[in-house]
$ cat structure-v7.txt   # compact mmCIF, C-alpha atoms and all ligand atoms
# COMPACT_ATOMS: atom_id res chain seq x y z
CA MET J 1 62.35 -8.35 10.89
CA GLU J 2 61.41 -9.19 7.35
CA SER J 3 59.04 -12.00 8.23
CA SER J 4 55.51 -12.39 6.98
CA ALA J 5 54.59 -9.96 9.74
CA GLY J 6 56.61 -7.37 7.88
CA ILE J 7 57.99 -5.83 11.03
CA SER J 8 61.00 -3.56 10.68
CA ASN J 9 64.33 -5.11 11.45
CA SER J 10 65.08 -2.51 14.05
CA LYS J 11 66.76 -3.86 17.14
CA ASN J 12 64.92 -1.33 19.28
CA THR J 13 61.56 -2.36 17.88
CA GLY J 14 62.31 -5.99 18.71
CA ASN J 15 63.48 -5.15 22.21
CA ILE J 16 60.38 -3.04 22.78
CA TYR J 17 58.06 -5.78 21.52
CA ARG J 18 59.70 -8.36 23.78
CA TYR J 19 59.52 -5.99 26.74
CA ILE J 20 55.80 -5.43 26.21
CA TYR J 21 55.23 -9.17 25.72
CA GLN J 22 56.99 -10.04 28.97
CA ASN J 23 55.92 -7.07 31.12
CA GLY J 24 52.85 -5.57 29.54
CA PRO J 25 50.52 -3.84 29.80
CA CYS J 26 52.91 -0.96 30.32
CA SER J 27 53.21 2.74 29.56
CA ARG J 28 55.54 4.45 27.06
CA HIS J 29 57.37 6.02 29.94
CA GLU J 30 57.99 2.64 31.56
CA ILE J 31 59.34 1.19 28.31
CA ALA J 32 61.67 4.15 27.75
CA GLN J 33 63.01 3.89 31.29
CA ALA J 34 63.38 0.12 31.36
CA LEU J 35 65.24 -0.02 28.02
CA SER J 36 67.11 3.29 28.42
CA LEU J 37 65.63 4.66 25.20
CA SER J 38 64.49 8.19 24.36
CA GLN J 39 60.76 8.91 24.17
CA PRO J 40 60.89 9.66 20.39
CA THR J 41 62.64 6.31 19.74
CA VAL J 42 59.94 4.49 21.71
CA THR J 43 57.18 6.44 19.96
CA ASN J 44 58.59 5.58 16.51
CA ALA J 45 58.92 1.90 17.32
CA LEU J 46 55.40 1.75 18.77
CA SER J 47 54.01 3.37 15.63
CA ARG J 48 55.64 0.66 13.55
CA LEU J 49 54.35 -2.13 15.79
CA ARG J 50 50.87 -0.61 15.77
CA ALA J 51 50.86 -0.31 11.99
CA GLU J 52 51.68 -4.02 11.80
CA ASN J 53 48.82 -4.83 14.19
CA MET J 54 51.24 -6.29 16.76
CA ILE J 55 50.28 -4.07 19.71
CA ARG J 56 47.40 -1.94 20.90
CA GLU J 57 47.05 0.96 23.33
CA ASP J 58 44.21 1.30 25.81
CA VAL J 59 43.44 3.94 28.39
CA SER J 60 44.37 2.63 31.84
CA GLU J 61 41.41 1.71 34.04
CA GLU J 62 43.31 2.83 37.12
CA SER J 63 42.72 6.40 38.16
CA THR J 64 45.71 8.14 39.66
CA GLY J 65 43.98 11.46 39.92
CA GLY J 66 45.71 12.95 36.88
CA ARG J 67 45.47 12.10 33.23
CA LYS J 68 45.02 8.36 32.76
CA PRO J 69 48.09 6.85 31.06
CA MET J 70 47.82 4.83 27.85
CA LEU J 71 48.76 1.22 28.45
CA ILE J 72 50.39 -0.80 25.69
CA ARG J 73 49.96 -4.56 25.26
CA VAL J 74 50.67 -7.10 22.55
CA ILE J 75 47.82 -8.34 20.39
CA PRO J 76 47.83 -12.05 21.22
CA ASP J 77 45.88 -13.44 18.28
CA VAL J 78 48.24 -12.50 15.45
CA ARG J 79 50.00 -15.85 15.76
CA TYR J 80 49.18 -19.28 17.16
CA ALA J 81 50.98 -22.50 18.00
CA ILE J 82 49.84 -26.07 18.46
CA GLY J 83 51.12 -28.41 21.14
CA ILE J 84 50.53 -32.15 21.09
CA ASP J 85 51.29 -34.43 24.02
CA ILE J 86 51.68 -38.08 23.12
CA THR J 87 51.44 -40.61 25.95
CA LYS J 88 51.15 -44.38 25.85
CA ASN J 89 47.36 -44.33 25.63
CA HIS J 90 46.28 -40.73 24.99
CA VAL J 91 46.86 -37.74 22.77
CA SER J 92 46.27 -34.18 23.99
CA ILE J 93 46.19 -31.24 21.61
CA VAL J 94 46.07 -27.53 22.40
CA LEU J 95 45.96 -24.56 20.07
CA THR J 96 47.13 -21.43 21.83
CA ASP J 97 47.62 -17.76 21.03
CA LEU J 98 50.68 -15.72 22.04
CA ASP J 99 49.19 -15.17 25.52
CA LEU J 100 48.80 -18.91 26.11
CA SER J 101 45.01 -18.60 25.97
CA LEU J 102 43.79 -21.98 24.75
CA VAL J 103 41.63 -21.61 21.65
CA CYS J 104 41.25 -25.38 21.47
CA SER J 105 42.04 -28.19 23.92
CA LYS J 106 41.20 -31.87 23.53
CA ARG J 107 42.32 -35.15 25.07
CA ILE J 108 41.57 -38.34 23.20
CA ARG J 109 42.24 -41.96 24.05
CA MET J 110 44.50 -43.28 21.30
CA PRO J 111 47.25 -45.80 22.07
CA PHE J 112 50.59 -44.82 20.56
CA GLU J 113 51.74 -46.85 17.57
CA GLU J 114 54.52 -46.03 15.18
CA ASN J 115 52.58 -46.51 11.96
CA GLU J 116 50.80 -44.54 9.25
CA THR J 117 47.35 -44.98 10.81
CA TYR J 118 48.54 -43.19 13.92
CA PHE J 119 50.40 -40.52 11.95
CA SER J 120 47.26 -39.85 9.86
CA PHE J 121 45.24 -39.57 13.05
CA LEU J 122 47.59 -36.80 14.25
CA LYS J 123 47.35 -35.04 10.90
CA ASP J 124 43.54 -35.06 11.08
CA LEU J 125 43.64 -33.87 14.67
CA ILE J 126 45.77 -30.86 13.68
CA GLU J 127 43.71 -29.99 10.63
CA THR J 128 40.47 -30.25 12.62
CA ALA J 129 41.84 -28.01 15.38
CA VAL J 130 42.86 -25.36 12.84
CA ARG J 131 39.53 -25.56 11.03
CA GLU J 132 37.34 -25.54 14.15
CA SER J 133 39.28 -22.65 15.69
CA GLY J 134 38.68 -20.56 12.58
CA ILE J 135 42.28 -19.33 12.52
CA SER J 136 44.15 -18.77 9.30
CA PRO J 137 46.68 -21.56 8.65
CA GLU J 138 49.26 -18.85 7.82
CA SER J 139 49.07 -17.61 11.41
CA LEU J 140 50.13 -20.99 12.83
CA LEU J 141 53.79 -20.88 13.82
CA GLY J 142 54.32 -24.61 14.27
CA VAL J 143 53.46 -27.81 16.07
CA GLY J 144 55.45 -28.87 19.14
CA ILE J 145 55.15 -32.54 20.01
CA SER J 146 55.77 -33.70 23.57
CA LEU J 147 56.77 -37.33 24.16
CA PRO J 148 57.80 -39.43 27.18
CA VAL J 149 61.29 -39.95 25.73
CA LEU J 150 64.72 -38.35 25.83
CA ILE J 151 65.58 -36.37 22.73
CA GLU J 152 68.86 -35.10 21.33
CA GLU J 153 69.55 -31.39 21.07
CA ASN J 154 68.26 -31.29 17.47
CA GLN J 155 64.77 -31.90 18.98
CA LYS J 156 64.28 -34.72 16.49
CA THR J 157 66.35 -37.79 17.34
CA ILE J 158 65.07 -39.99 20.17
CA TYR J 159 67.84 -41.65 22.19
CA TYR J 160 65.95 -43.17 25.14
CA ALA J 161 62.41 -44.52 25.09
CA LYS J 162 60.99 -47.08 27.50
CA GLU J 163 57.52 -45.78 28.33
CA ILE J 164 56.47 -45.98 24.70
CA THR J 165 57.96 -48.24 22.07
CA THR J 166 59.44 -46.16 19.28
CA SER J 167 62.42 -46.06 16.97
CA PRO J 168 65.09 -43.32 17.19
CA ASP J 169 64.03 -41.91 13.80
CA LEU J 170 60.32 -41.50 14.55
CA TYR J 171 60.68 -37.87 13.44
CA THR J 172 61.66 -38.87 9.89
CA ARG J 173 58.54 -41.00 9.55
CA LEU J 174 56.08 -38.73 11.36
CA SER J 175 57.06 -35.24 10.19
CA PRO J 176 55.83 -35.67 6.56
CA PHE J 177 52.32 -36.01 8.03
CA ILE J 178 52.54 -32.70 9.88
CA PRO J 179 51.77 -29.84 7.46
CA TYR J 180 53.61 -27.24 9.61
CA PRO J 181 57.06 -26.85 11.15
CA CYS J 182 57.34 -29.39 13.95
CA LEU J 183 59.81 -30.54 16.60
CA PHE J 184 59.90 -33.03 19.47
CA PHE J 185 60.17 -32.15 23.16
CA ASN J 186 60.52 -34.13 26.38
CA ASP J 187 57.16 -34.28 28.21
CA ALA J 188 58.31 -33.29 31.70
CA ASN J 189 60.47 -30.43 30.43
CA SER J 190 57.49 -29.16 28.43
CA GLY J 191 55.21 -29.39 31.46
CA GLY J 192 57.68 -27.41 33.55
CA LEU J 193 58.03 -24.75 30.90
CA ALA J 194 54.25 -24.34 30.70
CA GLU J 195 53.94 -23.93 34.47
CA SER J 196 56.77 -21.40 34.51
CA TRP J 197 55.26 -19.31 31.69
CA ARG J 198 51.80 -19.51 33.18
CA GLY J 199 53.09 -18.32 36.52
CA ASN J 200 55.04 -15.60 34.73
CA ALA J 201 57.82 -16.65 37.05
CA SER J 202 61.04 -14.79 36.52
CA ARG J 203 62.50 -16.82 39.39
CA PRO J 204 63.98 -20.29 38.92
CA MET J 205 61.78 -23.27 39.82
CA LEU J 206 61.73 -27.05 39.81
CA TYR J 207 58.87 -29.01 38.29
CA LEU J 208 58.06 -32.54 39.38
CA SER J 209 55.92 -34.39 36.86
CA LEU J 210 54.05 -37.13 38.74
CA SER J 211 52.44 -39.01 35.86
CA ASN J 212 52.62 -42.69 34.93
CA SER J 213 56.35 -42.19 35.09
CA VAL J 214 58.02 -39.45 37.09
CA GLY J 215 60.00 -36.76 35.32
CA GLY J 216 61.11 -33.28 36.11
CA ALA J 217 62.33 -29.97 34.83
CA THR J 218 64.55 -27.20 36.10
CA ILE J 219 63.58 -23.77 34.88
CA TRP J 220 66.31 -21.21 35.27
CA GLN J 221 65.62 -17.50 35.47
CA ASP J 222 64.02 -15.89 32.42
CA GLN J 223 61.96 -19.06 32.01
CA LYS J 224 64.70 -21.03 30.27
CA LEU J 225 65.04 -24.78 30.66
CA VAL J 226 68.24 -26.25 32.04
CA SER J 227 68.81 -29.45 30.11
CA GLY J 228 72.27 -30.48 31.31
CA ASP J 229 75.29 -31.66 29.31
CA ASN J 230 73.45 -34.67 27.85
CA MET J 231 69.84 -33.41 27.62
CA ARG J 232 68.84 -35.53 30.60
CA GLY J 233 68.98 -33.09 33.47
CA SER J 234 66.18 -33.13 36.08
CA GLU J 235 65.47 -36.86 35.71
CA PHE J 236 64.31 -36.77 39.31
CA GLY J 237 62.31 -39.99 38.87
CA HIS J 238 65.48 -42.08 38.68
CA MET J 239 67.16 -40.70 41.78
CA THR J 240 67.72 -43.61 44.15
CA LEU J 241 65.31 -43.30 47.05
CA PHE J 242 65.97 -46.74 48.59
CA PRO J 243 69.08 -48.81 47.73
CA ASN J 244 68.02 -52.19 46.28
CA GLY J 245 64.37 -51.14 46.58
CA ARG J 246 61.47 -51.68 44.20
CA PRO J 247 62.34 -52.38 40.55
CA CYS J 248 62.00 -49.44 38.15
CA TYR J 249 61.20 -49.64 34.44
CA CYS J 250 64.66 -48.23 33.74
CA GLY J 251 66.17 -51.54 34.89
CA LYS J 252 67.55 -50.27 38.21
CA ARG J 253 66.10 -50.65 41.70
CA GLY J 254 64.92 -48.18 44.31
CA CYS J 255 64.27 -45.27 41.93
CA MET J 256 61.90 -42.59 43.15
CA ASN J 257 59.74 -43.35 40.09
CA ALA J 258 58.94 -46.79 41.52
CA TYR J 259 57.44 -45.13 44.63
CA CYS J 260 55.76 -42.01 43.26
CA ASN J 261 54.37 -42.69 39.77
CA ALA J 262 50.65 -42.10 39.25
CA SER J 263 49.87 -45.70 38.26
CA LEU J 264 50.61 -46.85 41.82
CA LEU J 265 47.46 -44.96 42.82
CA SER J 266 45.24 -45.41 39.76
CA ASP J 267 45.89 -49.17 39.71
CA PHE J 268 43.73 -49.39 42.86
CA THR J 269 40.73 -48.06 40.93
CA GLY J 270 41.02 -49.69 37.53
CA GLY J 271 43.12 -46.91 36.05
CA SER J 272 41.00 -43.98 37.21
CA LEU J 273 42.99 -41.49 39.27
CA GLU J 274 39.84 -39.38 39.69
CA GLU J 275 38.09 -42.27 41.40
CA PHE J 276 41.10 -42.96 43.62
CA PHE J 277 41.23 -39.37 44.85
CA GLN J 278 37.48 -39.19 45.25
CA LYS J 279 37.65 -42.21 47.57
CA VAL J 280 40.61 -40.78 49.50
CA GLN J 281 38.95 -37.41 50.00
CA SER J 282 35.56 -38.83 50.98
CA GLY J 283 37.19 -41.23 53.41
CA GLU J 284 35.20 -43.97 51.71
CA ASN J 285 38.19 -46.28 51.55
CA LYS J 286 40.49 -46.24 54.57
CA GLY J 287 43.05 -48.46 52.84
CA PHE J 288 43.47 -46.01 49.95
CA ARG J 289 43.72 -43.15 52.40
CA ASP J 290 46.39 -44.87 54.50
CA TYR J 291 48.40 -45.81 51.44
CA PHE J 292 48.24 -42.32 50.00
CA TYR J 293 49.21 -40.45 53.17
CA ASN J 294 51.48 -42.94 54.89
CA GLU J 295 53.32 -44.33 51.89
CA TYR J 296 52.94 -42.33 48.68
CA LEU J 297 53.16 -38.86 50.25
CA SER J 298 55.95 -39.91 52.60
CA TYR J 299 58.10 -40.95 49.62
CA LEU J 300 57.18 -37.78 47.80
CA ALA J 301 58.06 -35.70 50.86
CA LEU J 302 61.54 -37.29 50.96
CA THR J 303 62.04 -36.36 47.32
CA VAL J 304 60.73 -32.82 47.61
CA ASN J 305 62.81 -32.13 50.69
CA ASN J 306 65.96 -33.46 48.99
CA LEU J 307 65.29 -31.28 45.94
CA ARG J 308 64.72 -28.24 48.13
CA LEU J 309 67.99 -28.88 49.98
CA CYS J 310 69.89 -29.28 46.68
CA TYR J 311 68.45 -26.30 44.83
CA ASP J 312 66.66 -23.99 47.29
CA TYR J 313 64.07 -23.15 44.63
CA ASP J 314 60.28 -23.30 44.54
CA ILE J 315 58.94 -26.76 43.67
CA ILE J 316 55.83 -27.28 41.57
CA LEU J 317 53.96 -30.58 41.92
CA GLY J 318 52.68 -31.44 38.45
CA GLY J 319 51.64 -34.33 36.26
CA TYR J 320 48.53 -36.43 36.88
CA VAL J 321 48.98 -36.60 40.68
CA GLY J 322 50.09 -32.99 41.16
CA ALA J 323 46.89 -31.83 39.48
CA HIS J 324 44.89 -33.53 42.27
CA MET J 325 46.90 -32.32 45.25
CA ASP J 326 45.13 -29.10 46.19
CA PHE J 327 43.12 -30.86 48.90
CA CYS J 328 46.18 -32.18 50.76
CA ILE J 329 48.81 -29.52 50.06
CA ASP J 330 48.89 -28.15 53.63
CA ARG J 331 49.40 -31.58 55.12
CA PHE J 332 52.04 -32.40 52.49
CA ARG J 333 53.94 -29.17 53.23
CA SER J 334 54.03 -30.15 56.91
CA MET J 335 55.41 -33.58 56.01
CA VAL J 336 58.23 -31.95 54.04
CA LEU J 337 58.97 -29.38 56.75
CA ASP J 338 59.24 -32.19 59.31
CA LEU J 339 62.26 -33.41 57.34
CA ASN J 340 63.81 -30.01 56.70
CA PRO J 341 66.32 -28.61 59.20
CA PHE J 342 66.06 -24.99 58.04
CA GLU J 343 62.52 -24.07 57.09
CA THR J 344 59.18 -23.43 58.77
CA ASP J 345 57.22 -22.09 55.79
CA GLY J 346 56.23 -24.64 53.15
CA SER J 347 54.81 -22.18 50.64
CA PHE J 348 57.73 -22.97 48.29
CA ILE J 349 55.78 -26.15 47.43
CA ARG J 350 52.96 -25.43 45.02
CA VAL J 351 50.37 -27.36 43.04
CA CYS J 352 50.50 -27.04 39.25
CA HIS J 353 48.14 -24.81 37.28
CA TYR J 354 47.43 -27.16 34.39
CA ARG J 355 45.57 -30.42 34.90
CA THR J 356 46.33 -32.57 31.88
CA GLU J 357 47.49 -30.18 29.19
CA ALA J 358 50.77 -28.84 30.64
CA SER J 359 53.08 -30.85 28.36
CA ALA J 360 51.10 -29.93 25.23
CA VAL J 361 51.16 -26.23 26.17
CA GLY J 362 54.89 -26.43 26.89
CA ALA J 363 55.58 -27.96 23.49
CA ALA J 364 53.66 -25.10 21.83
CA ILE J 365 55.65 -22.53 23.84
CA TYR J 366 58.78 -23.28 21.80
CA TYR J 367 57.19 -21.69 18.72
CA ILE J 368 55.73 -18.76 20.65
CA ASN J 369 59.08 -18.03 22.29
CA ASP J 370 60.83 -18.32 18.93
CA PHE J 371 58.38 -15.82 17.38
CA VAL J 372 58.79 -13.30 20.19
CA GLU J 373 62.59 -13.69 20.24
CA LYS J 374 62.85 -13.09 16.50
CA GLN J 375 61.02 -9.77 16.47
ZN ZN H 1 64.58 -45.79 37.33

$ encode --input "structure-v7.txt" --output "structure tokens"
Amino acid sequence: MESSAGISNSKNTGNIYRYIYQNGPCSRHEIAQALSLSQPTVTNALSRLRAENMIREDVSEESTGGRKPMLIRVIPDVRYAIGIDITKNHVSIVLTDLDLSLVCSKRIRMPFEENETYFSFLKDLIETAVRESGISPESLLGVGISLPVLIEENQKTIYYAKEITTSPDLYTRLSPFIPYPCLFFNDANSGGLAESWRGNASRPMLYLSLSNSVGGATIWQDQKLVSGDNMRGSEFGHMTLFPNGRPCYCGKRGCMNAYCNASLLSDFTGGSLEEFFQKVQSGENKGFRDYFYNEYLSYLALTVNNLRLCYDYDIILGGYVGAHMDFCIDRFRSMVLDLNPFETDGSFIRVCHYRTEASAVGAAIYYINDFVEKQ
């Protein structure tokens, strides 16, 4: 491609780069076989990629008895992307390389407001991250911004926002403050994408984002999001769990969100989910423990079992609560299996990798994916 990287526009070179990115480190032989290309074609393309500083070759550490093969991998720090996750009261920022290694990661308390003070705060946050990381601004592909809203396919226009108060044309007002390409992304979809990429999962999976509202994501094979006909697929939080049940912020009653959002737990401890889980785990507060196991997890088990029966995919527990669930995952799996007529192995339920930065990482992934796809 004739980008600033100056890579040749050869289709083979692009295919080879993408193969190495997704499967590397790998040998020349493996690339030639996987892409049905001749060895000289692969060698030529690799020479071009090496000359552009996009890949490197190392001698394999593994000894097979014969000559050690050269393993090829992408050089991850030729490009970077920034992800920002905006929530009602916090802003998270990550700066990541092509390998999703976080060069910078911060979470700051800053209530969302649609005004120039807030926009300038974001601008400073981005400029500080670039400066402190020591990367060249030219190597930054873009800034993905995750928000707890529903966004049209143009990744700019907001068409549903209740968790934060914002106008549909926030993008028009905010984007002049961002000195790089930028787009908006739904927070739960971004979180799911980050977990899928981190797990290098080629298989489909469902992501349940258990934060102060509940969202979700469906990741189809090849780590692509399924957004549905109206960009509101995987809104698992508004599935009706109990007809005429608790009121939900969406205006309806009985939504799963009203039974499984993170605030239901953190409200017991003045907003601190860490403190809530510390008291549950230590057994210090029997009431918290009973509520968590007998109510919260029972509602979550209903949801997870229903999703498993609908999709038959792995389910990742994410968001604020998911990040704390390592200690109770075995018990939770048993609760789900008790409801499931077919299964005896609950390993399809997993705890997320990221603690608080999943949505920010997922928003950055858009620009990384775009870069890799365009080679
Ligand atoms: Zn609802």

$ residues_around --input "structure-v7.txt" --residues "J:Arg50" --least-positions-apart "5" --cutoff "10 Å" --atoms "all atoms listed in the file" --output "short mmCIF file (atom, residue, chain, number, x, y, z; two decimals) with C-alpha atoms, keeping the file's coordinate frame"
data_model
loop_
_atom_site.label_atom_id
_atom_site.label_comp_id
_atom_site.auth_asym_id
_atom_site.auth_seq_id
_atom_site.Cartn_x
_atom_site.Cartn_y
_atom_site.Cartn_z
CA ASN J 44 58.59 5.58 16.51
CA ALA J 45 58.92 1.90 17.32
CA ILE J 55 50.28 -4.07 19.71
CA ARG J 56 47.40 -1.94 20.90
CA GLU J 57 47.05 0.96 23.33
CA ILE J 72 50.39 -0.80 25.69
CA VAL J 74 50.67 -7.10 22.55
CA ILE J 75 47.82 -8.34 20.39
#

$ residues_around --input "structure-v7.txt" --residues "J:Met335" --least-positions-apart "4" --cutoff "10 Å" --atoms "all atoms listed in the file" --output "ChimeraX atom specification"
/J:293,297-298,300-302,304-305,329-331,339-340,346

$ write_last_selection --input "structure-v7.txt" --atoms "C-alpha atoms" --output "PDB file, keeping the file's coordinate frame"
ATOM      1  CA  TYR J 293      49.210 -40.450  53.170  1.00  0.00           C
ATOM      2  CA  LEU J 297      53.160 -38.860  50.250  1.00  0.00           C
ATOM      3  CA  SER J 298      55.950 -39.910  52.600  1.00  0.00           C
ATOM      4  CA  LEU J 300      57.180 -37.780  47.800  1.00  0.00           C
ATOM      5  CA  ALA J 301      58.060 -35.700  50.860  1.00  0.00           C
ATOM      6  CA  LEU J 302      61.540 -37.290  50.960  1.00  0.00           C
ATOM      7  CA  VAL J 304      60.730 -32.820  47.610  1.00  0.00           C
ATOM      8  CA  ASN J 305      62.810 -32.130  50.690  1.00  0.00           C
ATOM      9  CA  ILE J 329      48.810 -29.520  50.060  1.00  0.00           C
ATOM     10  CA  ASP J 330      48.890 -28.150  53.630  1.00  0.00           C
ATOM     11  CA  ARG J 331      49.400 -31.580  55.120  1.00  0.00           C
ATOM     12  CA  LEU J 339      62.260 -33.410  57.340  1.00  0.00           C
ATOM     13  CA  ASN J 340      63.810 -30.010  56.700  1.00  0.00           C
ATOM     14  CA  GLY J 346      56.230 -24.640  53.150  1.00  0.00           C
TER      15      GLY J 346
END

$ atom_distance --input "structure-v7.txt" --atom1 "atom CA of J:Glu132" --atom2 "atom CA of J:Arg109"
19.8 Å

$ atom_distance --input "structure-v7.txt" --atom1 "atom CA of J:Tyr171" --atom2 "atom CA of J:Thr157"
6.9 Å

$ closest_residue --input "structure-v7.txt" --among "J:Ser133, J:Ser347, J:Thr356, J:Asn261" --to "ligand ZN 1 (chain H)" --atoms "all atoms listed in the file"
J:Asn261

$ residues_near_ligand --input "structure-v7.txt" --ligand "ligand ZN 1 (chain H)" --cutoff "9 Å" --atoms "all atoms listed in the file" --output "list in words"
Gly237, His238, Met239, Thr240, Pro247, Cys248, Tyr249, Cys250, Gly251, Lys252, Arg253, Gly254, Cys255, Met256, Asn257 and Ala258 of chain J

$ atom_distance --input "structure-v7.txt" --atom1 "atom CA of J:Ile219" --atom2 "atom CA of J:Ser234"
9.8 Å

$ residues_near_point --input "structure-v7.txt" --point "(47.3, -28.8, 5.6)" --cutoff "9 Å" --atoms "all atoms listed in the file" --output "list in words"
Lys123, Ile126, Glu127, Pro137, Ile178, Pro179 and Tyr180 of chain J

$ closest_residue --input "structure-v7.txt" --among "J:Leu100, J:Ile145, J:Ala51, J:Leu208" --to "J:Tyr21" --atoms "all atoms listed in the file"
J:Leu100

$ closest_residue --input "structure-v7.txt" --among "J:Gly142, J:Pro25, J:Gly319, J:Pro243" --to "J:Ser190" --atoms "all atoms listed in the file"
J:Gly319
